[in-house]
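Here is the structure we will look at.
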Amino acid sequence: MNRSTLPQGSSAALVLILGSVLASLIGAGLQLFANAQLLVPLLDRLIPMPWFNYGRLVPASQFLLSYGWLGSGLLGVLLILAPRFSGIAFRYGRLLFGGAVLWQLAILTGLTQILFEGPSGLIGMPQPRFVSILLILSFLVLGTGLTRGLGRSWKSGPLLPRLYLLLALLAFPLGLGTAEILLRGTSTPGAVQIITQLLWHSFHHHLWLAPLGLVLIFQLLPTLTGRAATSLNLGVLGWIATALLGGWLGTVRASDGPIPSWMQSAGVVASILMAFVAVGNGLLVQNLTEGRWEEIRRNVALRFLSVGAWSYAVAYVFLAYLSLPWVRPVMVFTVAWPALFEVFHFLFLGCVLAGSIYALLPVAREMGWPNSSALTWHFWCTTLGTATTAACLLLAGSFQGLALSDAGVPVSTLSSYLRPFLSVVIFAQSFWLVGQIAFTSVLIASLLKLFPTAAPMAVFRNPTVIRPVSVGHLHG
Amino acid sequence: MKPTRALALALGALLLTWVAQAAVGYWQVGRLEPVLNEETNLTVPPVPSGLAHTGARVFAAQGCLECHSLSVRGPKDSADLTRGWGQRRSVARDYLFRDPAMLGTARIGPDLSNIGARMPEGDKLMQHLYDPRLLKKSSTCPTHPWLFVKVASGPRAEPDALKVSPDGWHQLIPSYQAKALVAYLQSLNANYALPEAPLK
């Protein structure tokens, strides 16, 4: 690989990663404001402005965390990783840089539009149409660059990360493009609009974000642990099942109502099967990390990636639980779903993203991380903060669901069931924010080379090429 | 696994998902038509007015869906029906003329599928929008003062001014957005029988 071509691609990656970190701080801040309003409803009188309204803060924070933090960050680290694991350098670095800037522009415009003009009301698509078009255009540029990660020949590298990369590259433009055309480009009849919204919701989470996370898990964990995944067949089976079932998981968010009941049943079956797929992938991860606790404790990147990989399995088992026929009707409109959002976004994807940044940014920017307590703070604050938030929201959602199912409980008292838990949630989310601020400060200081650094990423002996030791086992 | 096979498999799986849900969904619920109510000789569900159609977008833009769902769930003795949120469960035909069609994902407040039947008075809905605590002290619904224009009170009140005044010197005139939102809320009335969902 020609090393002189790397900096251009890495500039695009840096824009995406910095944008991602900024989006995480603002998104989590907005989420805190929203929960504070739910806890103390009179707060909305302090700033009686539409953009401070709970109904706008929630979709704005979800948009920012989903597209801005995770979408941008995962694309950023993959831009560093893809040319290195395939051995093919990017050819049009400036175009990639333009794509990265366009993505940030779309996020900024989307956030402004949601806060000041209001969300669209569509599940998973709170942004206006032109923001979706910007996102698709940007993704076409970045995604085309990322196809380099697929390699010249299938045998030039590990198979599983490539399979998941292929799935993610296809799912985003196909899902968002089709949803946009059906929802805002044609006069689709009412109930079909709701099916389409839930379909895009599935594509977004289970066929785009989750596969991006799995690319990083299956590429970086073998690299960092020096072990091979034990069963390629199990991994490929998991990939096929994800591709087939991932798009069905959104329909479990509806209970009764306008969605055909066979579709809801298919969603339940898909959710339960996906839990088995996730446990199967968890077994592969187990073999990679077993007996490496000392290394996991010492290496912050490995620690984040391991937690992220385990949280992936937990998230899908949690989804299967919420989908069970006797649980779903009780939990469907409750804050138990935001609890799943916490596990999926913050523990699974957030930790994978953080671990990947720790592992890959030094490779791209010729920098190191300090042996600073800020790294420890980042890990413990973000993981404990998210785990506490998810546990509290699940408990709150259970009480809320039981109260909603009992017609004798007045609706006006619903928020009183949530309040005790919301206090803890706000505290835990602040804790997460502290961790993320610690990370941001270390990141900026490291980029500016403000202090002498250790080299915790010594596992990459040759920083230009990353190859897991598992290559022989993972060939297709 | 060969690359072409992997590509075909991934593309096939994604397209199959779209076809199985969107296309089959369209075939099953997208081709529904309004039915004639023989008592009133009108078709149901009714076609919302242009103002109500605009109001649906205001409803979405104010983020009401973050707390209110738009789907009453059965069966006959379900908590939703017992609470009086509707006289029957919501079905696909109810959403026929709704654009955007919204379902909601949370219930921190009550379901609004039938709010037009439960609270048909426009002035009450306006007051609720301005300040929900004017009607119910314990309400946790946020205020929406930006949907109203505050003007100095004249010798005669404006015909559409709210019956409450913020300070005695001013009156509150609903903006076009507020009127549209109220028209939309009033249009949310599913107190009619459908072949697949008779009234309880």
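Labels for the structure tokens follow display order: chains A, B, ..., residues from 1 in each chain, ligands from 1.
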
Tell me, as number ranges by chain, which residues lie within 8 Å of region 164-169 of chain A, counting only C-alpha atoms; anything in the same chain fewer than 4 positions away does not count. A: 143, 147, 149-150, 160, 173, 207-209, 211-212, 214-215, 239, 243; B: 7, 10

Identify, on the basis of only C-alpha atoms, every residue whose closest approach to Leu182 (chain A) does not exceed 9 Å; exclude the query and any residue fewer than 6 positions from it along the same chain; express the result as a list in words. Thr188, Val192, Gln193 and Thr196 of chain A

Wanna dump the chain A-chain B contacts at 7 Å for me, each residue with its shortest atom pair and the distance in Å to one decimal, counting only C-alpha atoms, ordered by chain and number, as JSON lines?
{"residue": "A:Pro41", "atom": "CA", "partner": "B:Thr140", "partner_atom": "CA", "distance": 5.6}
{"residue": "A:Asp44", "atom": "CA", "partner": "B:Pro142", "partner_atom": "CA", "distance": 6.4}
{"residue": "A:Met49", "atom": "CA", "partner": "B:Trp146", "partner_atom": "CA", "distance": 6.9}
{"residue": "A:Pro50", "atom": "CA", "partner": "B:Trp146", "partner_atom": "CA", "distance": 6.9}
{"residue": "A:Gly55", "atom": "CA", "partner": "B:Gly63", "partner_atom": "CA", "distance": 3.7}
{"residue": "A:Arg56", "atom": "CA", "partner": "B:Gly63", "partner_atom": "CA", "distance": 5.4}
{"residue": "A:Glu117", "atom": "CA", "partner": "B:Ala61", "partner_atom": "CA", "distance": 6.7}
{"residue": "A:Gly118", "atom": "CA", "partner": "B:Ala61", "partner_atom": "CA", "distance": 3.9}
{"residue": "A:Pro119", "atom": "CA", "partner": "B:Ala61", "partner_atom": "CA", "distance": 4.9}
{"residue": "A:Ser120", "atom": "CA", "partner": "B:Ala60", "partner_atom": "CA", "distance": 5.7}
{"residue": "A:Gly121", "atom": "CA", "partner": "B:Ala60", "partner_atom": "CA", "distance": 4.5}
{"residue": "A:Leu122", "atom": "CA", "partner": "B:Met102", "partner_atom": "CA", "distance": 6.7}
{"residue": "A:Trp154", "atom": "CA", "partner": "B:Pro3", "partner_atom": "CA", "distance": 6.2}
{"residue": "A:Leu167", "atom": "CA", "partner": "B:Ala10", "partner_atom": "CA", "distance": 6.0}
{"residue": "A:Pro189", "atom": "CA", "partner": "B:Gly30", "partner_atom": "CA", "distance": 5.5}
{"residue": "A:Gly190", "atom": "CA", "partner": "B:Leu96", "partner_atom": "CA", "distance": 4.8}
{"residue": "A:Ala191", "atom": "CA", "partner": "B:Ala92", "partner_atom": "CA", "distance": 5.4}
{"residue": "A:Val192", "atom": "CA", "partner": "B:Gly30", "partner_atom": "CA", "distance": 5.8}
{"residue": "A:Gln193", "atom": "CA", "partner": "B:Ala101", "partner_atom": "CA", "distance": 6.1}
{"residue": "A:Ile194", "atom": "CA", "partner": "B:Ala101", "partner_atom": "CA", "distance": 6.2}
{"residue": "A:Ile195", "atom": "CA", "partner": "B:Ala22", "partner_atom": "CA", "distance": 6.7}
{"residue": "A:Thr196", "atom": "CA", "partner": "B:Ala22", "partner_atom": "CA", "distance": 6.3}
{"residue": "A:Ala243", "atom": "CA", "partner": "B:Ala13", "partner_atom": "CA", "distance": 5.8}
{"residue": "A:Leu244", "atom": "CA", "partner": "B:Ala13", "partner_atom": "CA", "distance": 5.1}
{"residue": "A:Gly247", "atom": "CA", "partner": "B:Thr17", "partner_atom": "CA", "distance": 6.0}
{"residue": "A:Asp256", "atom": "CA", "partner": "B:Arg73", "partner_atom": "CA", "distance": 5.8}
{"residue": "A:Gly257", "atom": "CA", "partner": "B:Ser90", "partner_atom": "CA", "distance": 5.2}
{"residue": "A:Pro258", "atom": "CA", "partner": "B:Ala92", "partner_atom": "CA", "distance": 3.9}
{"residue": "A:Ile259", "atom": "CA", "partner": "B:Ala92", "partner_atom": "CA", "distance": 6.7}
{"residue": "A:Phe333", "atom": "CA", "partner": "B:Ala106", "partner_atom": "CA", "distance": 4.3}
{"residue": "A:Thr334", "atom": "CA", "partner": "B:Ala106", "partner_atom": "CA", "distance": 5.6}
{"residue": "A:Ser405", "atom": "CA", "partner": "B:Ala79", "partner_atom": "CA", "distance": 5.4}
{"residue": "A:Asp406", "atom": "CA", "partner": "B:Ala79", "partner_atom": "CA", "distance": 5.9}
{"residue": "A:Ala407", "atom": "CA", "partner": "B:Ala79", "partner_atom": "CA", "distance": 4.7}
{"residue": "A:Val411", "atom": "CA", "partner": "B:Pro110", "partner_atom": "CA", "distance": 6.3}
{"residue": "A:Ser412", "atom": "CA", "partner": "B:Ser139", "partner_atom": "CA", "distance": 6.5}
{"residue": "A:Leu414", "atom": "CA", "partner": "B:Ile108", "partner_atom": "CA", "distance": 6.4}
{"residue": "A:Ser415", "atom": "CA", "partner": "B:Ile108", "partner_atom": "CA", "distance": 6.5}
{"residue": "A:Gly476", "atom": "CA", "partner": "B:Met1", "partner_atom": "CA", "distance": 5.0}

Would you mind exporting N, CA and C atoms of the selected residues as an mmCIF file, in the first residue's frame?
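Result went into result-v4.cif, see below:
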data_model
loop_
_atom_site.group_PDB
_atom_site.id
_atom_site.type_symbol
_atom_site.label_atom_id
_atom_site.label_comp_id
_atom_site.auth_asym_id
_atom_site.auth_seq_id
_atom_site.Cartn_x
_atom_site.Cartn_y
_atom_site.Cartn_z
ATOM 1 N N PRO A 41 -41.999 18.767 35.121
ATOM 2 C CA PRO A 41 -42.700 19.320 33.947
ATOM 3 C C PRO A 41 -42.708 20.846 33.907
ATOM 4 N N ASP A 44 -40.486 23.485 31.493
ATOM 5 C CA ASP A 44 -40.741 24.041 30.153
ATOM 6 C C ASP A 44 -41.150 25.509 30.227
ATOM 7 N N MET A 49 -39.893 28.103 24.684
ATOM 8 C CA MET A 49 -39.555 28.173 23.259
ATOM 9 C C MET A 49 -39.807 26.791 22.643
ATOM 10 N N PRO A 50 -40.242 26.767 21.367
ATOM 11 C CA PRO A 50 -40.534 25.449 20.766
ATOM 12 C C PRO A 50 -39.340 24.507 20.755
ATOM 13 N N GLY A 55 -41.052 17.348 23.211
ATOM 14 C CA GLY A 55 -41.374 16.656 21.957
ATOM 15 C C GLY A 55 -40.372 16.906 20.851
ATOM 16 N N ARG A 56 -39.555 17.944 20.969
ATOM 17 C CA ARG A 56 -38.512 18.173 19.957
ATOM 18 C C ARG A 56 -37.139 17.727 20.452
ATOM 19 N N GLU A 117 -37.910 23.619 13.375
ATOM 20 C CA GLU A 117 -39.109 23.417 12.545
ATOM 21 C C GLU A 117 -39.944 22.233 13.042
ATOM 22 N N GLY A 118 -39.316 21.350 13.781
ATOM 23 C CA GLY A 118 -40.053 20.212 14.330
ATOM 24 C C GLY A 118 -39.747 18.925 13.582
ATOM 25 N N PRO A 119 -39.919 17.782 14.275
ATOM 26 C CA PRO A 119 -39.674 16.484 13.624
ATOM 27 C C PRO A 119 -40.801 16.132 12.650
ATOM 28 N N SER A 120 -40.544 15.117 11.819
ATOM 29 C CA SER A 120 -41.527 14.737 10.793
ATOM 30 C C SER A 120 -42.642 13.864 11.344
ATOM 31 N N GLY A 121 -42.409 13.249 12.505
ATOM 32 C CA GLY A 121 -43.411 12.339 13.073
ATOM 33 C C GLY A 121 -43.255 10.908 12.577
ATOM 34 N N LEU A 122 -42.296 10.677 11.678
ATOM 35 C CA LEU A 122 -42.092 9.323 11.151
ATOM 36 C C LEU A 122 -41.091 8.586 12.040
ATOM 37 N N TRP A 154 -11.639 -12.131 -2.695
ATOM 38 C CA TRP A 154 -12.266 -12.533 -1.431
ATOM 39 C C TRP A 154 -11.257 -13.216 -0.500
ATOM 40 N N LEU A 167 -23.146 -6.095 3.717
ATOM 41 C CA LEU A 167 -24.548 -5.953 4.120
ATOM 42 C C LEU A 167 -24.860 -4.506 4.497
ATOM 43 N N PRO A 189 -50.640 4.774 0.802
ATOM 44 C CA PRO A 189 -51.772 4.776 1.731
ATOM 45 C C PRO A 189 -51.330 4.624 3.188
ATOM 46 N N GLY A 190 -52.151 5.164 4.097
ATOM 47 C CA GLY A 190 -51.811 5.292 5.519
ATOM 48 C C GLY A 190 -51.128 4.121 6.192
ATOM 49 N N ALA A 191 -51.796 2.953 6.234
ATOM 50 C CA ALA A 191 -51.239 1.839 7.005
ATOM 51 C C ALA A 191 -49.909 1.368 6.413
ATOM 52 N N VAL A 192 -49.764 1.487 5.086
ATOM 53 C CA VAL A 192 -48.503 1.056 4.449
ATOM 54 C C VAL A 192 -47.374 2.010 4.856
ATOM 55 N N GLN A 193 -47.733 3.272 5.091
ATOM 56 C CA GLN A 193 -46.721 4.221 5.587
ATOM 57 C C GLN A 193 -46.140 3.737 6.914
ATOM 58 N N ILE A 194 -47.017 3.234 7.782
ATOM 59 C CA ILE A 194 -46.530 2.784 9.099
ATOM 60 C C ILE A 194 -45.639 1.552 8.937
ATOM 61 N N ILE A 195 -46.036 0.638 8.046
ATOM 62 C CA ILE A 195 -45.197 -0.549 7.782
ATOM 63 C C ILE A 195 -43.828 -0.087 7.282
ATOM 64 N N THR A 196 -43.838 0.912 6.373
ATOM 65 C CA THR A 196 -42.576 1.392 5.795
ATOM 66 C C THR A 196 -41.692 2.036 6.876
ATOM 67 N N ALA A 243 -29.021 -11.065 7.726
ATOM 68 C CA ALA A 243 -29.526 -10.477 6.481
ATOM 69 C C ALA A 243 -30.996 -10.817 6.260
ATOM 70 N N LEU A 244 -31.384 -12.034 6.625
ATOM 71 C CA LEU A 244 -32.765 -12.461 6.376
ATOM 72 C C LEU A 244 -33.747 -11.946 7.428
ATOM 73 N N GLY A 247 -34.511 -7.233 8.896
ATOM 74 C CA GLY A 247 -35.531 -6.307 8.430
ATOM 75 C C GLY A 247 -36.905 -6.539 9.027
ATOM 76 N N ASP A 256 -51.103 -5.008 18.008
ATOM 77 C CA ASP A 256 -52.449 -4.790 17.480
ATOM 78 C C ASP A 256 -52.376 -3.635 16.464
ATOM 79 N N GLY A 257 -53.396 -2.820 16.356
ATOM 80 C CA GLY A 257 -53.320 -1.649 15.483
ATOM 81 C C GLY A 257 -53.337 -1.976 14.002
ATOM 82 N N PRO A 258 -52.777 -1.077 13.164
ATOM 83 C CA PRO A 258 -52.961 -1.190 11.717
ATOM 84 C C PRO A 258 -52.042 -2.178 11.001
ATOM 85 N N ILE A 259 -51.045 -2.714 11.687
ATOM 86 C CA ILE A 259 -50.115 -3.633 11.024
ATOM 87 C C ILE A 259 -50.755 -5.019 10.952
ATOM 88 N N PHE A 333 -45.684 0.465 24.539
ATOM 89 C CA PHE A 333 -45.611 1.932 24.505
ATOM 90 C C PHE A 333 -44.876 2.491 25.725
ATOM 91 N N THR A 334 -43.982 1.718 26.297
ATOM 92 C CA THR A 334 -43.348 2.150 27.554
ATOM 93 C C THR A 334 -41.877 2.525 27.347
ATOM 94 N N SER A 405 -51.829 -1.210 31.606
ATOM 95 C CA SER A 405 -52.688 -2.378 31.375
ATOM 96 C C SER A 405 -53.827 -2.461 32.389
ATOM 97 N N ASP A 406 -53.771 -1.645 33.425
ATOM 98 C CA ASP A 406 -54.821 -1.646 34.446
ATOM 99 C C ASP A 406 -55.659 -0.386 34.271
ATOM 100 N N ALA A 407 -56.882 -0.577 33.772
ATOM 101 C CA ALA A 407 -57.728 0.582 33.471
ATOM 102 C C ALA A 407 -58.073 1.384 34.732
ATOM 103 N N VAL A 411 -54.438 7.835 33.983
ATOM 104 C CA VAL A 411 -53.293 8.139 33.107
ATOM 105 C C VAL A 411 -52.464 9.282 33.683
ATOM 106 N N SER A 412 -53.131 10.201 34.375
ATOM 107 C CA SER A 412 -52.403 11.369 34.902
ATOM 108 C C SER A 412 -51.355 10.963 35.933
ATOM 109 N N LEU A 414 -49.383 8.357 35.522
ATOM 110 C CA LEU A 414 -48.333 7.557 34.864
ATOM 111 C C LEU A 414 -46.940 8.121 35.117
ATOM 112 N N SER A 415 -46.835 9.442 34.995
ATOM 113 C CA SER A 415 -45.496 10.026 35.139
ATOM 114 C C SER A 415 -44.976 9.883 36.566
ATOM 115 N N GLY A 476 -12.816 -17.541 2.757
ATOM 116 C CA GLY A 476 -14.044 -18.142 2.250
ATOM 117 C C GLY A 476 -13.726 -19.271 1.275
#

Near region 268-278 of chain A, within 6 Å and counting only C-alpha atoms, which residues show up once chain neighbours fewer than 3 positions away are dropped, as a compact mmCIF listing (two decimals) with C-alpha atoms, in the first residue's frame?
# COMPACT_ATOMS: atom_id res chain seq x y z
CA GLY A 238 -25.08 -15.74 11.67
CA LEU A 245 -34.21 -11.58 9.77
CA LEU A 249 -37.51 -6.82 13.81
CA SER A 265 -46.03 -12.55 14.43
CA ASN A 281 -21.86 -14.65 17.53
CA GLY A 282 -21.30 -14.25 21.29
CA ALA A 313 -25.67 -10.39 22.47
CA TYR A 316 -30.74 -8.99 21.05
CA VAL A 317 -31.71 -11.19 24.00
CA ALA A 320 -36.39 -11.07 22.17
CA SER A 323 -41.07 -9.30 21.80

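Between Ser61 (chain A) and the candidates A:Gln127, A:Thr382, A:Ser10, A:Thr376, the tightest atom-to-atom separation, counting only C-alpha atoms, involves A:Gln127.
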
For region 69-79 of chain A, work out the shell of residues within 8 Å, counting only C-alpha atoms and skipping chain neighbours fewer than 2 positions away, then give it as an MDAnalysis selection string. chainID A and resid 9:10 12:24 64:67 81:83 103:104 142 145:146 209 212:213 216 345 349:350 353 356:357 360:361

Only N, CA and C atoms, please: the residues just picked out, written as an mmCIF file, in the first residue's frame.
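As written to disk, out08.cif reads:
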data_model
loop_
_atom_site.group_PDB
_atom_site.id
_atom_site.type_symbol
_atom_site.label_atom_id
_atom_site.label_comp_id
_atom_site.auth_asym_id
_atom_site.auth_seq_id
_atom_site.Cartn_x
_atom_site.Cartn_y
_atom_site.Cartn_z
ATOM 1 N N GLY A 9 -7.448 10.003 3.110
ATOM 2 C CA GLY A 9 -8.526 9.191 3.661
ATOM 3 C C GLY A 9 -8.645 9.391 5.157
ATOM 4 N N SER A 10 -7.506 9.576 5.815
ATOM 5 C CA SER A 10 -7.570 9.726 7.263
ATOM 6 C C SER A 10 -8.094 11.107 7.655
ATOM 7 N N ALA A 12 -10.651 12.513 6.129
ATOM 8 C CA ALA A 12 -12.101 12.261 6.115
ATOM 9 C C ALA A 12 -12.505 11.527 7.386
ATOM 10 N N ALA A 13 -11.687 10.533 7.766
ATOM 11 C CA ALA A 13 -11.986 9.771 8.988
ATOM 12 C C ALA A 13 -11.971 10.679 10.203
ATOM 13 N N LEU A 14 -10.997 11.588 10.233
ATOM 14 C CA LEU A 14 -10.890 12.489 11.385
ATOM 15 C C LEU A 14 -12.109 13.410 11.475
ATOM 16 N N VAL A 15 -12.565 13.916 10.320
ATOM 17 C CA VAL A 15 -13.765 14.775 10.309
ATOM 18 C C VAL A 15 -14.957 13.994 10.865
ATOM 19 N N LEU A 16 -15.094 12.756 10.420
ATOM 20 C CA LEU A 16 -16.234 11.942 10.867
ATOM 21 C C LEU A 16 -16.127 11.633 12.365
ATOM 22 N N ILE A 17 -14.921 11.341 12.833
ATOM 23 C CA ILE A 17 -14.763 10.980 14.249
ATOM 24 C C ILE A 17 -14.962 12.206 15.142
ATOM 25 N N LEU A 18 -14.394 13.335 14.745
ATOM 26 C CA LEU A 18 -14.578 14.548 15.562
ATOM 27 C C LEU A 18 -16.049 14.970 15.560
ATOM 28 N N GLY A 19 -16.686 14.879 14.388
ATOM 29 C CA GLY A 19 -18.117 15.191 14.309
ATOM 30 C C GLY A 19 -18.916 14.259 15.204
ATOM 31 N N SER A 20 -18.494 13.005 15.221
ATOM 32 C CA SER A 20 -19.187 11.996 16.026
ATOM 33 C C SER A 20 -19.083 12.309 17.526
ATOM 34 N N VAL A 21 -17.885 12.683 17.952
ATOM 35 C CA VAL A 21 -17.679 12.976 19.374
ATOM 36 C C VAL A 21 -18.509 14.205 19.782
ATOM 37 N N LEU A 22 -18.505 15.216 18.923
ATOM 38 C CA LEU A 22 -19.285 16.426 19.208
ATOM 39 C C LEU A 22 -20.779 16.086 19.263
ATOM 40 N N ALA A 23 -21.227 15.269 18.308
ATOM 41 C CA ALA A 23 -22.652 14.884 18.273
ATOM 42 C C ALA A 23 -23.027 14.105 19.530
ATOM 43 N N SER A 24 -22.101 13.275 20.023
ATOM 44 C CA SER A 24 -22.417 12.491 21.230
ATOM 45 C C SER A 24 -22.627 13.416 22.427
ATOM 46 N N LEU A 64 -29.410 12.833 16.533
ATOM 47 C CA LEU A 64 -27.998 13.171 16.706
ATOM 48 C C LEU A 64 -27.181 11.951 17.151
ATOM 49 N N LEU A 65 -27.728 11.188 18.094
ATOM 50 C CA LEU A 65 -26.979 10.032 18.601
ATOM 51 C C LEU A 65 -26.888 8.922 17.553
ATOM 52 N N SER A 66 -27.970 8.761 16.802
ATOM 53 C CA SER A 66 -28.002 7.656 15.867
ATOM 54 C C SER A 66 -27.205 7.945 14.588
ATOM 55 N N TYR A 67 -27.511 9.078 13.937
ATOM 56 C CA TYR A 67 -26.825 9.397 12.678
ATOM 57 C C TYR A 67 -25.514 10.147 12.943
ATOM 58 N N LEU A 81 -9.917 1.679 8.862
ATOM 59 C CA LEU A 81 -9.679 0.235 8.869
ATOM 60 C C LEU A 81 -9.701 -0.392 7.466
ATOM 61 N N ALA A 82 -10.693 0.033 6.648
ATOM 62 C CA ALA A 82 -10.952 -0.680 5.383
ATOM 63 C C ALA A 82 -9.729 -0.793 4.469
ATOM 64 N N PRO A 83 -9.020 0.313 4.184
ATOM 65 C CA PRO A 83 -7.884 0.148 3.265
ATOM 66 C C PRO A 83 -6.766 -0.676 3.873
ATOM 67 N N TRP A 103 -21.684 14.765 5.214
ATOM 68 C CA TRP A 103 -22.386 14.031 6.285
ATOM 69 C C TRP A 103 -22.580 14.946 7.498
ATOM 70 N N GLN A 104 -21.509 15.671 7.858
ATOM 71 C CA GLN A 104 -21.616 16.568 9.023
ATOM 72 C C GLN A 104 -22.615 17.686 8.749
ATOM 73 N N LEU A 142 -18.930 7.945 0.644
ATOM 74 C CA LEU A 142 -18.164 7.235 1.672
ATOM 75 C C LEU A 142 -18.259 5.715 1.467
ATOM 76 N N GLY A 145 -16.087 4.486 -1.234
ATOM 77 C CA GLY A 145 -14.718 4.373 -0.708
ATOM 78 C C GLY A 145 -14.560 3.113 0.121
ATOM 79 N N LEU A 146 -15.573 2.837 0.942
ATOM 80 C CA LEU A 146 -15.469 1.685 1.844
ATOM 81 C C LEU A 146 -15.511 0.349 1.105
ATOM 82 N N LEU A 209 -26.498 -0.223 11.282
ATOM 83 C CA LEU A 209 -25.631 0.062 12.435
ATOM 84 C C LEU A 209 -25.026 -1.209 13.030
ATOM 85 N N LEU A 212 -22.276 -2.691 10.940
ATOM 86 C CA LEU A 212 -21.058 -1.867 11.012
ATOM 87 C C LEU A 212 -20.291 -2.191 12.293
ATOM 88 N N GLY A 213 -21.026 -2.349 13.384
ATOM 89 C CA GLY A 213 -20.388 -2.713 14.656
ATOM 90 C C GLY A 213 -19.738 -4.084 14.573
ATOM 91 N N LEU A 216 -16.336 -4.262 12.917
ATOM 92 C CA LEU A 216 -15.237 -3.873 13.804
ATOM 93 C C LEU A 216 -14.923 -4.970 14.820
ATOM 94 N N HIS A 345 -27.463 1.109 21.548
ATOM 95 C CA HIS A 345 -26.658 2.230 21.056
ATOM 96 C C HIS A 345 -25.446 2.518 21.942
ATOM 97 N N LEU A 349 -22.952 -0.459 20.425
ATOM 98 C CA LEU A 349 -22.290 0.326 19.372
ATOM 99 C C LEU A 349 -21.355 1.386 19.938
ATOM 100 N N GLY A 350 -21.754 2.025 21.041
ATOM 101 C CA GLY A 350 -20.912 3.072 21.648
ATOM 102 C C GLY A 350 -19.578 2.512 22.107
ATOM 103 N N LEU A 353 -17.465 1.500 19.143
ATOM 104 C CA LEU A 353 -16.908 2.705 18.518
ATOM 105 C C LEU A 353 -15.732 3.253 19.329
ATOM 106 N N SER A 356 -12.741 1.039 18.985
ATOM 107 C CA SER A 356 -12.142 1.152 17.644
ATOM 108 C C SER A 356 -11.358 2.453 17.515
ATOM 109 N N ILE A 357 -11.885 3.526 18.089
ATOM 110 C CA ILE A 357 -11.152 4.800 18.022
ATOM 111 C C ILE A 357 -9.823 4.659 18.776
ATOM 112 N N LEU A 360 -7.616 2.424 16.508
ATOM 113 C CA LEU A 360 -7.286 2.781 15.129
ATOM 114 C C LEU A 360 -6.773 4.199 14.924
ATOM 115 N N LEU A 361 -7.220 5.127 15.748
ATOM 116 C CA LEU A 361 -6.809 6.514 15.491
ATOM 117 C C LEU A 361 -5.286 6.695 15.556
#

Using DSSP on the backbone, list every residue of region 21-198 of chain B that comes out as helix (DSSP H, G or I), and give them as a VMD selection string. chain B and resid 21 to 30 50 to 61 64 to 66 79 to 82 92 to 95 115 to 118 122 to 130 132 to 134 145 to 147 176 to 187

Tell me which protein, DNA and RNA residues are within 8 Å of Phe148 (chain B), counting only C-alpha atoms, leaving out same-chain ones fewer than 4 positions away, and put them as a count of residues only. 7

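For the pair CA of Ala106 (chain A) and CA of Val131 (chain A), the interatomic distance is 5.4 Å.
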
Set the distance at 10 Å and use only C-alpha atoms: which residues neighbour Glu121 (chain B) once local chain neighbours fewer than 4 positions away are removed? I'd like the list as a PyMOL selection string. chain B and resi 116-117+125-126+182+186

Let's have the selection written as a short mmCIF file (atom, residue, chain, number, x, y, z; two decimals), in the first residue's frame, with N, CA and C atoms.
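And here's out-v7.cif as it stands now:
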data_model
loop_
_atom_site.label_atom_id
_atom_site.label_comp_id
_atom_site.auth_asym_id
_atom_site.auth_seq_id
_atom_site.Cartn_x
_atom_site.Cartn_y
_atom_site.Cartn_z
N GLY B 116 -61.04 13.65 19.26
CA GLY B 116 -62.10 14.48 18.66
C GLY B 116 -63.47 14.13 19.20
N ALA B 117 -63.67 12.87 19.60
CA ALA B 117 -64.94 12.46 20.18
C ALA B 117 -64.96 12.74 21.68
N LEU B 125 -59.74 22.58 23.63
CA LEU B 125 -58.49 22.08 23.03
C LEU B 125 -57.48 23.22 22.92
N MET B 126 -57.97 24.42 22.56
CA MET B 126 -57.07 25.59 22.46
C MET B 126 -56.45 25.89 23.82
N VAL B 182 -55.85 22.08 16.14
CA VAL B 182 -57.14 21.78 16.77
C VAL B 182 -58.06 21.09 15.76
N GLN B 186 -59.67 17.46 16.34
CA GLN B 186 -61.12 17.23 16.23
C GLN B 186 -61.45 16.17 15.18
#
